[in-house]
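Peer 1: Below is structure20.txt; it holds compact mmCIF, C-alpha atoms.
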# COMPACT_ATOMS: atom_id res chain seq x y z
CA MET A 1 -13.70 4.66 -20.34
CA GLU A 2 -13.98 4.57 -24.11
CA ALA A 3 -10.86 4.95 -26.22
CA PRO A 4 -10.59 8.56 -27.31
CA ASN A 5 -11.28 9.72 -30.81
CA THR A 6 -8.17 8.84 -32.78
CA GLY A 7 -8.38 12.14 -34.66
CA GLU A 8 -7.49 13.97 -31.46
CA PHE A 9 -4.90 11.51 -30.16
CA ALA A 10 -2.04 9.56 -31.67
CA HIS A 11 -3.18 5.99 -31.01
CA ILE A 12 -1.10 2.89 -30.33
CA GLY A 13 -3.37 -0.12 -30.52
CA LYS A 14 -3.36 -3.13 -28.25
CA SER A 15 -1.52 -5.40 -30.69
CA VAL A 16 1.39 -2.96 -31.07
CA VAL A 17 4.70 -3.52 -29.28
CA ILE A 18 7.26 -0.71 -29.13
CA LYS A 19 10.73 -0.98 -27.65
CA GLY A 20 12.75 2.20 -27.37
CA GLU A 21 12.25 5.89 -26.85
CA LEU A 22 8.84 7.33 -27.62
CA SER A 23 8.48 11.11 -27.79
CA GLY A 24 6.14 13.52 -29.50
CA SER A 25 4.23 16.76 -29.49
CA GLU A 26 0.66 15.50 -29.58
CA ASP A 27 -1.51 13.68 -27.12
CA LEU A 28 -1.01 9.94 -27.12
CA TYR A 29 -3.25 6.99 -26.31
CA VAL A 30 -1.38 3.73 -25.70
CA ASP A 31 -3.32 0.50 -25.47
CA GLY A 32 -0.37 -1.66 -26.47
CA HIS A 33 2.99 -2.60 -25.03
CA VAL A 34 5.80 -0.06 -24.66
CA GLU A 35 9.24 -0.72 -23.22
CA GLY A 36 11.77 2.07 -22.88
CA SER A 37 10.73 5.66 -22.23
CA ILE A 38 7.84 7.97 -23.12
CA GLU A 39 8.25 11.73 -23.21
CA LEU A 40 5.43 14.13 -24.10
CA ARG A 41 6.44 17.26 -22.26
CA ASN A 42 3.60 19.49 -23.45
CA ASN A 43 1.03 16.81 -24.10
CA SER A 44 -0.93 14.14 -22.34
CA LEU A 45 -0.61 10.39 -22.25
CA THR A 46 -3.46 7.98 -21.72
CA VAL A 47 -2.63 4.35 -21.00
CA GLY A 48 -5.64 2.30 -22.06
CA PRO A 49 -7.01 -0.72 -20.21
CA ASN A 50 -4.91 -3.09 -22.31
CA GLY A 51 -1.83 -0.89 -22.09
CA ASN A 52 1.29 -2.42 -20.58
CA ILE A 53 4.09 0.09 -20.11
CA LYS A 54 7.54 -0.73 -18.85
CA ALA A 55 8.99 2.72 -19.16
CA ASN A 56 9.59 5.98 -17.37
CA ILE A 57 6.95 8.48 -18.41
CA LYS A 58 7.24 12.27 -18.62
CA ALA A 59 4.19 14.17 -19.80
CA LYS A 60 1.96 17.12 -19.05
CA GLY A 61 -0.86 14.90 -17.86
CA VAL A 62 -1.15 11.14 -17.51
CA VAL A 63 -4.26 8.97 -17.27
CA ILE A 64 -3.64 5.30 -16.47
CA GLN A 65 -6.15 2.53 -16.92
CA GLY A 66 -3.70 -0.28 -17.62
CA LYS A 67 -0.38 -1.40 -16.20
CA VAL A 68 2.69 0.77 -15.72
CA ASP A 69 6.05 -0.35 -14.38
CA GLY A 70 8.22 2.73 -14.13
CA SER A 71 8.23 6.25 -12.83
CA VAL A 72 5.58 8.73 -13.88
CA SER A 73 6.32 12.45 -13.91
CA ALA A 74 3.62 14.93 -14.90
CA SER A 75 3.73 18.71 -14.82
CA GLU A 76 0.00 18.72 -14.24
CA ARG A 77 -2.30 15.89 -13.25
CA VAL A 78 -1.97 12.12 -12.91
CA GLU A 79 -5.11 10.01 -12.80
CA LEU A 80 -5.14 6.36 -11.79
CA ARG A 81 -8.40 4.79 -12.90
CA LYS A 82 -9.88 1.79 -11.10
CA SER A 83 -8.21 -0.76 -13.39
CA ALA A 84 -4.76 0.86 -13.06
CA VAL A 85 -1.82 -1.11 -11.70
CA VAL A 86 1.20 1.10 -11.15
CA ASN A 87 4.56 0.05 -9.76
CA GLY A 88 6.84 3.05 -9.61
CA ASP A 89 7.15 6.55 -8.29
CA VAL A 90 4.74 9.31 -9.26
CA VAL A 91 5.63 13.00 -9.26
CA ALA A 92 2.87 15.40 -10.26
CA SER A 93 1.14 18.65 -9.37
CA ARG A 94 -2.12 16.85 -8.70
CA ILE A 95 -3.22 13.26 -8.44
CA ALA A 96 -6.56 11.48 -8.55
CA ILE A 97 -6.92 7.81 -7.71
CA GLU A 98 -10.08 5.81 -8.20
CA GLU A 99 -11.10 3.16 -5.73
CA GLY A 100 -9.74 -0.17 -6.96
CA ALA A 101 -6.52 1.18 -8.45
CA SER A 102 -3.36 -0.54 -7.28
CA PHE A 103 -0.28 1.51 -6.56
CA GLN A 104 3.12 0.63 -5.20
CA GLY A 105 5.76 3.32 -4.93
CA LYS A 106 6.19 6.90 -3.85
CA ILE A 107 3.83 9.79 -4.55
CA ASP A 108 5.34 13.25 -4.43
CA ILE A 109 3.09 16.21 -5.13
CA GLN A 110 5.04 19.19 -6.45
CA ARG A 111 3.12 22.36 -5.78
CA GLU A 112 4.85 24.44 -8.46
CA PRO A 113 3.42 23.57 -11.90
CA GLY A 114 6.05 22.35 -14.31
CA LYS A 115 8.54 21.39 -11.63
CA ALA A 116 7.63 17.73 -11.81
CA VAL A 117 8.65 17.19 -15.41
CA ALA A 118 11.50 19.67 -15.38
CA SER A 119 13.24 17.92 -12.51
CA MET B 1 5.37 -17.09 21.58
CA ALA B 2 4.09 -19.23 18.75
CA SER B 3 2.77 -21.98 20.99
CA VAL B 4 0.70 -19.61 23.13
CA ALA B 5 -0.64 -17.87 20.09
CA GLU B 6 -1.45 -21.16 18.39
CA SER B 7 -3.27 -22.37 21.51
CA VAL B 8 -5.35 -19.25 21.52
CA MET B 9 -6.20 -19.76 17.87
CA ARG B 10 -7.10 -23.42 18.45
CA PHE B 11 -9.42 -22.28 21.22
CA PHE B 12 -11.08 -19.85 18.82
CA ARG B 13 -11.37 -22.26 15.94
CA GLY B 14 -12.88 -24.94 18.12
CA SER B 15 -15.91 -22.80 18.79
CA SER B 16 -16.25 -21.07 15.48
CA ASP B 17 -18.95 -21.83 12.96
CA GLN B 18 -18.47 -20.85 9.36
CA ALA B 19 -20.73 -17.86 9.15
CA PRO B 20 -21.56 -16.81 5.60
CA ALA B 21 -19.34 -13.95 4.54
CA PRO B 22 -20.98 -10.92 3.03
CA ALA B 23 -20.79 -10.93 -0.75
CA VAL B 24 -19.58 -7.36 -0.86
CA PRO B 25 -16.78 -6.16 1.44
CA GLN B 26 -18.33 -4.11 4.22
CA LYS B 27 -17.12 -0.70 5.36
CA ARG B 28 -17.17 0.43 8.96
CA SER B 29 -15.88 3.51 10.66
CA ARG B 30 -13.52 3.70 13.58
CA ARG B 31 -12.31 6.52 15.77
CA SER B 32 -8.58 6.05 16.13
CA SER B 33 -6.57 7.50 18.99
CA GLY B 34 -3.35 6.36 17.32
CA MET B 35 -4.26 8.12 14.09
CA ALA B 36 -5.05 11.26 16.10
CA GLU B 37 -1.48 11.28 17.42
CA ILE B 38 -0.06 10.65 13.96
CA SER B 39 -2.21 13.49 12.62
CA ARG B 40 -0.77 15.88 15.18
CA LEU B 41 2.67 15.22 13.71
CA LEU B 42 1.39 15.39 10.13
CA ASN B 43 -0.25 18.74 10.84
CA SER B 44 2.73 20.27 12.61
CA GLU B 45 5.52 19.37 10.20
CA GLU B 46 6.02 19.63 6.47
CA ALA B 47 7.30 17.25 3.81
CA LEU B 48 7.36 14.15 5.97
CA CYS B 49 7.97 10.73 4.44
CA VAL B 50 5.07 8.41 5.20
CA LEU B 51 4.98 4.70 4.40
CA ASP B 52 1.54 3.09 4.12
CA LEU B 53 1.73 -0.70 4.27
CA GLY B 54 -1.93 -1.38 3.47
CA SER B 55 -3.64 -1.92 0.15
CA THR B 56 -3.80 1.15 -2.07
CA SER B 57 -6.14 3.72 -0.60
CA ALA B 58 -7.07 6.81 -2.53
CA ASN B 59 -8.21 8.39 0.75
CA ASN B 60 -4.83 7.92 2.38
CA ILE B 61 -2.91 9.21 -0.60
CA SER B 62 -5.14 12.29 -0.82
CA PHE B 63 -4.99 12.89 2.93
CA LEU B 64 -1.21 12.71 3.05
CA THR B 65 -0.31 14.48 -0.17
CA ALA B 66 -2.81 17.30 0.54
CA LYS B 67 -0.72 18.09 3.62
CA GLY B 68 2.43 18.19 1.50
CA HIS B 69 3.88 14.87 2.65
CA LYS B 70 5.49 12.22 0.49
CA ASN B 71 3.45 9.05 0.44
CA TYR B 72 5.02 5.65 -0.13
CA SER B 73 2.65 2.71 -0.65
CA GLU B 74 3.52 -0.93 -0.36
CA ASP B 75 0.90 -3.67 0.00
CA LEU B 76 3.04 -5.90 2.14
CA LEU B 77 0.44 -8.53 3.01
CA ARG B 78 -0.25 -9.21 -0.64
CA ALA B 79 3.47 -9.27 -1.37
CA SER B 80 4.05 -11.76 1.46
CA LEU B 81 1.58 -14.18 -0.12
CA ASP B 82 3.31 -14.18 -3.51
CA PRO B 83 3.70 -17.86 -4.52
CA ALA B 84 7.07 -17.01 -6.07
CA LEU B 85 8.39 -16.40 -2.55
CA ARG B 86 7.65 -19.96 -1.40
CA VAL B 87 10.39 -22.50 -0.87
CA LYS B 88 10.27 -26.01 0.56
CA ASP B 89 11.66 -26.49 4.05
CA GLU B 90 13.35 -29.69 5.24
CA THR B 91 9.96 -31.38 5.73
CA GLY B 92 8.83 -30.46 2.22
CA LYS B 93 6.38 -27.86 3.47
CA LEU B 94 6.13 -24.63 1.49
CA VAL B 95 7.27 -21.70 3.59
CA PRO B 96 8.09 -18.08 2.82
CA ASP B 97 11.66 -17.37 1.76
CA ILE B 98 12.48 -14.63 4.25
CA LYS B 99 15.69 -13.56 2.54
CA LYS B 100 13.99 -13.18 -0.83
CA PHE B 101 11.03 -11.41 0.75
CA LEU B 102 13.33 -8.79 2.25
CA GLU B 103 15.30 -8.46 -0.98
CA GLU B 104 12.12 -7.62 -2.87
CA ASN B 105 10.18 -5.63 -0.29
CA LEU B 106 10.78 -2.68 2.04
CA THR B 107 13.92 -1.87 0.08
CA TYR B 108 14.42 1.71 1.22
CA GLN B 109 17.41 3.59 2.49
CA ASN B 110 17.88 3.48 6.24
CA GLY B 111 16.30 6.25 8.28
CA LEU B 112 13.96 7.44 5.52
CA PHE B 113 10.52 7.43 7.10
CA ASP B 114 9.01 9.78 9.65
CA VAL B 115 5.78 7.80 9.88
CA VAL B 116 4.90 4.19 9.09
CA LEU B 117 1.28 3.06 8.98
CA CYS B 118 1.51 -0.67 9.55
CA TRP B 119 -2.20 -1.14 10.31
CA ASN B 120 -3.03 -4.78 11.17
CA LEU B 121 -0.31 -6.38 9.08
CA PRO B 122 1.37 -8.46 11.86
CA ASP B 123 -1.92 -10.19 12.69
CA TYR B 124 -2.31 -11.52 9.14
CA MET B 125 1.25 -12.02 8.03
CA GLU B 126 2.90 -15.43 8.33
CA GLU B 127 4.68 -15.92 11.62
CA SER B 128 8.18 -16.28 10.18
CA LEU B 129 7.95 -12.95 8.37
CA VAL B 130 6.69 -10.81 11.24
CA LYS B 131 9.87 -10.20 13.22
CA PRO B 132 12.14 -9.68 10.16
CA THR B 133 9.58 -7.21 8.82
CA ILE B 134 9.48 -5.24 12.07
CA ASP B 135 13.27 -5.22 12.21
CA ARG B 136 13.42 -3.87 8.66
CA LEU B 137 10.83 -1.20 9.54
CA TRP B 138 13.01 -0.15 12.46
CA SER B 139 15.92 0.30 10.04
CA VAL B 140 14.05 2.36 7.47
CA MET B 141 12.50 4.68 10.07
CA LYS B 142 14.10 7.86 11.34
CA PRO B 143 14.98 8.02 15.03
CA GLY B 144 11.91 9.57 16.65
CA GLY B 145 9.68 8.38 13.80
CA LEU B 146 6.19 7.03 14.59
CA LEU B 147 4.85 3.57 13.80
CA LEU B 148 1.15 2.80 14.12
CA VAL B 149 0.11 -0.84 14.46
CA PHE B 150 -3.25 -2.45 15.20
CA PHE B 151 -3.64 -5.78 16.97
CA HIS B 152 -6.76 -7.83 17.49
CA THR B 153 -7.73 -8.86 20.98
CA ARG B 154 -8.96 -12.36 21.75
CA ASP B 155 -12.53 -11.06 21.62
CA ALA B 156 -12.17 -10.60 17.88
CA GLY B 157 -12.37 -14.36 17.28
CA PRO B 158 -10.53 -16.36 14.63
CA ASP B 159 -12.63 -15.12 11.75
CA ALA B 160 -11.94 -11.46 12.35
CA PRO B 161 -11.84 -9.97 8.87
CA CYS B 162 -8.71 -8.33 7.58
CA TYR B 163 -9.37 -4.65 6.99
CA ARG B 164 -7.67 -1.99 5.05
CA PHE B 165 -7.90 1.39 6.67
CA HIS B 166 -8.86 4.54 4.82
CA ILE B 167 -8.07 7.80 6.60
CA THR B 168 -11.19 9.96 6.50
CA GLY B 169 -10.25 12.54 9.13
CA THR B 170 -7.58 13.35 11.66
CA ASP B 171 -8.81 10.61 13.97
CA MET B 172 -11.30 8.74 11.79
CA LEU B 173 -10.80 5.65 9.68
CA ASP B 174 -13.04 3.74 7.32
CA MET B 175 -12.43 0.01 7.56
CA GLN B 176 -12.98 -2.04 4.43
CA GLU B 177 -12.59 -5.80 4.26
CA VAL B 178 -9.64 -6.89 2.18
CA ARG B 179 -10.22 -9.31 -0.68
CA LEU B 180 -6.97 -10.46 -2.20
CA ARG B 181 -8.58 -11.57 -5.44
CA GLU B 182 -11.74 -10.51 -7.15
CA GLY B 183 -14.52 -12.90 -6.20
CA ASP B 184 -12.91 -14.03 -2.93
CA LYS B 185 -15.59 -14.66 -0.33
CA HIS B 186 -13.27 -14.24 2.63
CA SER B 187 -10.60 -11.83 3.61
CA PRO B 188 -7.18 -13.20 4.64
CA ARG B 189 -7.30 -15.24 7.83
CA LEU B 190 -6.14 -13.99 11.21
CA GLN B 191 -2.89 -15.83 11.93
CA ARG B 192 -2.57 -15.26 15.67
CA VAL B 193 -3.42 -12.99 18.57
CA PHE B 194 -0.55 -11.14 20.22
CA ASN B 195 -0.74 -10.37 23.91
CA ASN B 196 0.91 -7.30 25.42
CA ARG B 197 4.11 -9.14 26.26
CA HIS B 198 4.44 -10.49 22.72
CA ILE B 199 3.98 -6.98 21.40
CA GLU B 200 6.58 -5.54 23.75
CA ASN B 201 9.05 -8.23 22.66
CA LEU B 202 8.31 -7.68 19.01
CA PHE B 203 9.10 -3.97 19.30
CA ARG B 204 11.80 -4.12 21.94
CA ASP B 205 14.24 -2.13 19.78
CA PHE B 206 11.92 0.84 19.65
CA ALA B 207 12.42 3.76 22.03
CA SER B 208 8.88 3.77 23.42
CA ILE B 209 5.59 1.98 23.11
CA LYS B 210 2.13 3.28 23.89
CA PHE B 211 -0.96 1.08 24.12
CA PHE B 212 -4.37 2.61 23.62
CA LEU B 213 -7.47 1.10 25.15
CA ALA B 214 -8.94 -1.59 22.91
CA ARG B 215 -12.05 -0.68 21.01
CA ASP B 216 -14.12 -3.05 18.86
CA ALA B 217 -11.63 -5.84 19.66
CA ILE B 218 -8.76 -3.90 18.12
CA ARG B 219 -5.93 -2.52 20.23
CA GLU B 220 -3.90 0.30 18.78
CA VAL B 221 -0.21 0.61 19.51
CA LEU B 222 1.94 3.63 18.75
CA LEU B 223 5.70 3.21 18.75
CA VAL B 224 8.51 5.71 18.65
CA ARG B 225 11.65 4.58 16.83
Let me see the file written as structure tokens.

Peer 2:
Amino acid sequence: MEAPNTGEFAHIGKSVVIKGELSGSEDLYVDGHVEGSIELRNNSLTVGPNGNIKANIKAKGVVIQGKVDGSVSASERVELRKSAVVNGDVVASRIAIEEGASFQGKIDIQREPGKAVAS
Amino acid sequence: MASVAESVMRFFRGSSDQAPAPAVPQKRSRRSSGMAEISRLLNSEEALCVLDLGSTSANNISFLTAKGHKNYSEDLLRASLDPALRVKDETGKLVPDIKKFLEENLTYQNGLFDVVLCWNLPDYMEESLVKPTIDRLWSVMKPGGLLLVFFHTRDAGPDAPCYRFHITGTDMLDMQEVRLREGDKHSPRLQRVFNNRHIENLFRDFASIKFFLARDAIREVLLVR
């Protein structure tokens, strides 16, 4: 998948390292390294193929192509693309996993939209 | 147990030629009586906790979460082969560190799981890890919980490929050869063949054991915790 147009997404490039709490009110594309936490309650997060996240993630939707160590909570959909490596629990309303993705942890599908992030 | 199993494997290996492995992992289908019984439970109860010990399978996650169950995934065979788990024994041979393996894997609260899908893990896991792993599974399962395990029969031969199992229906599985690393020509090697008595001993703490008739050189076993 191509990196999204940076005009539509806040973009953290692959050479960027962030340690701490990351929150915002716009969609975010992370292709770099983030340690801490990421919270985008009403927006979506995309972890690019070079992305390496060691953080708990809360967002409306999450697409993962890179590596995530930490829990992922989405009020809507979580997508694990074929290059994704996820170690941690996932709570979402819907989930899609491509063949080839690696996942270790718990998947809990919450049927009521919004419950996943709110909890 | 080990000596009998090793003899069986020596017998196999003595007559085996190195057949060229297919370049691309092959998929086959299998009708599974054990999975049919598991499905009956999955269809009759809600919000069960299910542990899948195979490689990540999108099919399995979709199948289980679509029914409202919680799906836990842990690729235990891959974890057991982690070089960081190796220690030298008194003869200098590298062996798995059982204590460390259990500290880093299957670390769940006791009595959590209603269903465990073990697939063919015991056939491919190193001997010293098999019994501790089964004992840990017993601990993390609920009383009355179901454990599904597949064992090869002798007819499978020593080069029987290691499969991961994708649930495609209530009693249907797709079998796909496991490749631990991209570019591997072979799947992990069969470590041993268990006979019925070995299996009964391995699971002697479980409340009941049910053997299904072997099909395609694989014997399914369903255990009740």

Peer 1: Hey, which bits of chain B sit within 12 Å of chain A, and for each residue what's the closest pair of atoms and how far apart in Å (one decimal), counting only C-alpha atoms, rows by chain and increasing number, as JSON lines?

Peer 2:
{"residue": "B:Ala47", "atom": "CA", "partner": "A:Asp108", "partner_atom": "CA", "distance": 9.4}
{"residue": "B:Leu48", "atom": "CA", "partner": "A:Asp108", "partner_atom": "CA", "distance": 10.6}
{"residue": "B:Cys49", "atom": "CA", "partner": "A:Lys106", "partner_atom": "CA", "distance": 9.3}
{"residue": "B:Val50", "atom": "CA", "partner": "A:Lys106", "partner_atom": "CA", "distance": 9.2}
{"residue": "B:Leu51", "atom": "CA", "partner": "A:Lys106", "partner_atom": "CA", "distance": 8.6}
{"residue": "B:Asp52", "atom": "CA", "partner": "A:Gln104", "partner_atom": "CA", "distance": 9.8}
{"residue": "B:Leu53", "atom": "CA", "partner": "A:Gln104", "partner_atom": "CA", "distance": 9.7}
{"residue": "B:Gly54", "atom": "CA", "partner": "A:Gln104", "partner_atom": "CA", "distance": 10.2}
{"residue": "B:Ser55", "atom": "CA", "partner": "A:Ser102", "partner_atom": "CA", "distance": 7.6}
{"residue": "B:Thr56", "atom": "CA", "partner": "A:Ser102", "partner_atom": "CA", "distance": 5.5}
{"residue": "B:Ser57", "atom": "CA", "partner": "A:Glu99", "partner_atom": "CA", "distance": 7.2}
{"residue": "B:Ala58", "atom": "CA", "partner": "A:Ile97", "partner_atom": "CA", "distance": 5.3}
{"residue": "B:Asn59", "atom": "CA", "partner": "A:Ile97", "partner_atom": "CA", "distance": 8.6}
{"residue": "B:Asn60", "atom": "CA", "partner": "A:Ile97", "partner_atom": "CA", "distance": 10.3}
{"residue": "B:Ile61", "atom": "CA", "partner": "A:Ile107", "partner_atom": "CA", "distance": 7.8}
{"residue": "B:Ser62", "atom": "CA", "partner": "A:Ala96", "partner_atom": "CA", "distance": 7.9}
{"residue": "B:Phe63", "atom": "CA", "partner": "A:Ile95", "partner_atom": "CA", "distance": 11.5}
{"residue": "B:Leu64", "atom": "CA", "partner": "A:Ile107", "partner_atom": "CA", "distance": 9.6}
{"residue": "B:Thr65", "atom": "CA", "partner": "A:Ile109", "partner_atom": "CA", "distance": 6.3}
{"residue": "B:Ala66", "atom": "CA", "partner": "A:Ile109", "partner_atom": "CA", "distance": 8.3}
{"residue": "B:Lys67", "atom": "CA", "partner": "A:Ile109", "partner_atom": "CA", "distance": 9.7}
{"residue": "B:Gly68", "atom": "CA", "partner": "A:Ile109", "partner_atom": "CA", "distance": 7.0}
{"residue": "B:His69", "atom": "CA", "partner": "A:Asp108", "partner_atom": "CA", "distance": 7.4}
{"residue": "B:Lys70", "atom": "CA", "partner": "A:Asp108", "partner_atom": "CA", "distance": 5.0}
{"residue": "B:Asn71", "atom": "CA", "partner": "A:Ile107", "partner_atom": "CA", "distance": 5.1}
{"residue": "B:Tyr72", "atom": "CA", "partner": "A:Lys106", "partner_atom": "CA", "distance": 4.1}
{"residue": "B:Ser73", "atom": "CA", "partner": "A:Gln104", "partner_atom": "CA", "distance": 5.0}
{"residue": "B:Glu74", "atom": "CA", "partner": "A:Gln104", "partner_atom": "CA", "distance": 5.1}
{"residue": "B:Asp75", "atom": "CA", "partner": "A:Gln104", "partner_atom": "CA", "distance": 7.1}
{"residue": "B:Leu76", "atom": "CA", "partner": "A:Gln104", "partner_atom": "CA", "distance": 9.8}
{"residue": "B:Arg78", "atom": "CA", "partner": "A:Ser102", "partner_atom": "CA", "distance": 11.4}
{"residue": "B:Ala79", "atom": "CA", "partner": "A:Gln104", "partner_atom": "CA", "distance": 10.6}
{"residue": "B:Asn105", "atom": "CA", "partner": "A:Gln104", "partner_atom": "CA", "distance": 10.6}
{"residue": "B:Leu106", "atom": "CA", "partner": "A:Gly105", "partner_atom": "CA", "distance": 10.5}
{"residue": "B:Thr107", "atom": "CA", "partner": "A:Gly105", "partner_atom": "CA", "distance": 10.9}
{"residue": "B:Tyr108", "atom": "CA", "partner": "A:Gly105", "partner_atom": "CA", "distance": 10.7}
{"residue": "B:Phe113", "atom": "CA", "partner": "A:Lys106", "partner_atom": "CA", "distance": 11.8}
{"residue": "B:His166", "atom": "CA", "partner": "A:Glu99", "partner_atom": "CA", "distance": 10.9}
{"residue": "B:Gln176", "atom": "CA", "partner": "A:Glu99", "partner_atom": "CA", "distance": 11.6}
{"residue": "B:Val178", "atom": "CA", "partner": "A:Gly100", "partner_atom": "CA", "distance": 11.3}
{"residue": "B:Arg179", "atom": "CA", "partner": "A:Gly100", "partner_atom": "CA", "distance": 11.1}
{"residue": "B:Leu180", "atom": "CA", "partner": "A:Gly100", "partner_atom": "CA", "distance": 11.7}
{"residue": "B:Arg181", "atom": "CA", "partner": "A:Gly100", "partner_atom": "CA", "distance": 11.6}
{"residue": "B:Glu182", "atom": "CA", "partner": "A:Gly100", "partner_atom": "CA", "distance": 10.5}

Peer 1: Neighbourhood query: residues within 8 Å of (0.8, -2.3, 9.8), file coordinates, counting all atoms listed in the file; return as JSON, numbers by chain.

Peer 2: {"B": [52, 53, 54, 116, 117, 118, 119, 120, 121, 122, 148, 149, 150]}

Peer 1: For region 31-40 of chain A, find every residue with an atom within 9 Å (counting all atoms listed in the file), except residues of its own chain fewer than 5 positions away, and show them as a compact mmCIF listing (two decimals) with C-alpha atoms, in the coordinates of the input.

Peer 2:
# COMPACT_ATOMS: atom_id res chain seq x y z
CA ALA A 3 -10.86 4.95 -26.22
CA HIS A 11 -3.18 5.99 -31.01
CA ILE A 12 -1.10 2.89 -30.33
CA GLY A 13 -3.37 -0.12 -30.52
CA LYS A 14 -3.36 -3.13 -28.25
CA SER A 15 -1.52 -5.40 -30.69
CA VAL A 16 1.39 -2.96 -31.07
CA VAL A 17 4.70 -3.52 -29.28
CA ILE A 18 7.26 -0.71 -29.13
CA LYS A 19 10.73 -0.98 -27.65
CA GLY A 20 12.75 2.20 -27.37
CA GLU A 21 12.25 5.89 -26.85
CA LEU A 22 8.84 7.33 -27.62
CA SER A 23 8.48 11.11 -27.79
CA GLY A 24 6.14 13.52 -29.50
CA SER A 25 4.23 16.76 -29.49
CA GLU A 26 0.66 15.50 -29.58
CA LEU A 45 -0.61 10.39 -22.25
CA THR A 46 -3.46 7.98 -21.72
CA VAL A 47 -2.63 4.35 -21.00
CA GLY A 48 -5.64 2.30 -22.06
CA PRO A 49 -7.01 -0.72 -20.21
CA ASN A 50 -4.91 -3.09 -22.31
CA GLY A 51 -1.83 -0.89 -22.09
CA ASN A 52 1.29 -2.42 -20.58
CA ILE A 53 4.09 0.09 -20.11
CA LYS A 54 7.54 -0.73 -18.85
CA ALA A 55 8.99 2.72 -19.16
CA ASN A 56 9.59 5.98 -17.37
CA ILE A 57 6.95 8.48 -18.41
CA LYS A 58 7.24 12.27 -18.62
CA ALA A 59 4.19 14.17 -19.80
CA LYS A 60 1.96 17.12 -19.05
CA GLY A 61 -0.86 14.90 -17.86
CA GLY A 66 -3.70 -0.28 -17.62
CA GLY A 70 8.22 2.73 -14.13

Peer 1: What does the distance between CA of Met175 (chain B) and CA of Arg30 (chain B) come to in Å, to one decimal place?

Peer 2: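 We find that CA of Met175 (chain B) and CA of Arg30 (chain B) lie 7.1 Å from each other.
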
Peer 1: Would you kindly return, as a list in words, each protein, DNA or RNA residue with an atom no farther than 12 Å from any atom of Thr153 (chain B), considering all atoms listed in the file and excluding same-chain residues fewer than 6 positions away?

Peer 2: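 Residues meeting the cut-off are Ala5, Val8, Met9, Phe12, Asn120, Asp123, Ala160, Leu190, Arg192, Val193, Phe194, Asn195, Asn196, Ile199, Leu213, Ala214, Arg215, Asp216, Ala217, Ile218, Arg219 and Glu220 of chain B.
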
Peer 1: With a distance cut-off of 6 Å and only C-alpha atoms, select the neighbouring residues of Cys162 (chain B), excluding the residue or stretch itself and same-chain residues fewer than 2 positions from it, and output the selection as a PyMOL selection string.

Peer 2: chain B and resi 177-178+187-188

Peer 1: Which is closest to Leu41 (chain B) among B:Gly183, B:Pro158, B:Gly145, B:Pro83, if we use all atoms listed in the file?

Peer 2: B:Gly145

Peer 1: CA of Lys142 (chain B) and CA of Leu222 (chain B) are how many Å apart?

Peer 2: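 Value for the CA of Lys142 (chain B)-CA of Leu222 (chain B) distance: 14.9 Å.
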
Peer 1: Hey, can you check how far CA of Val63 (chain A) sits from CA of Asn43 (chain A)?

Peer 2: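 So the two atoms, CA of Val63 (chain A) and CA of Asn43 (chain A), lie 11.7 Å apart.
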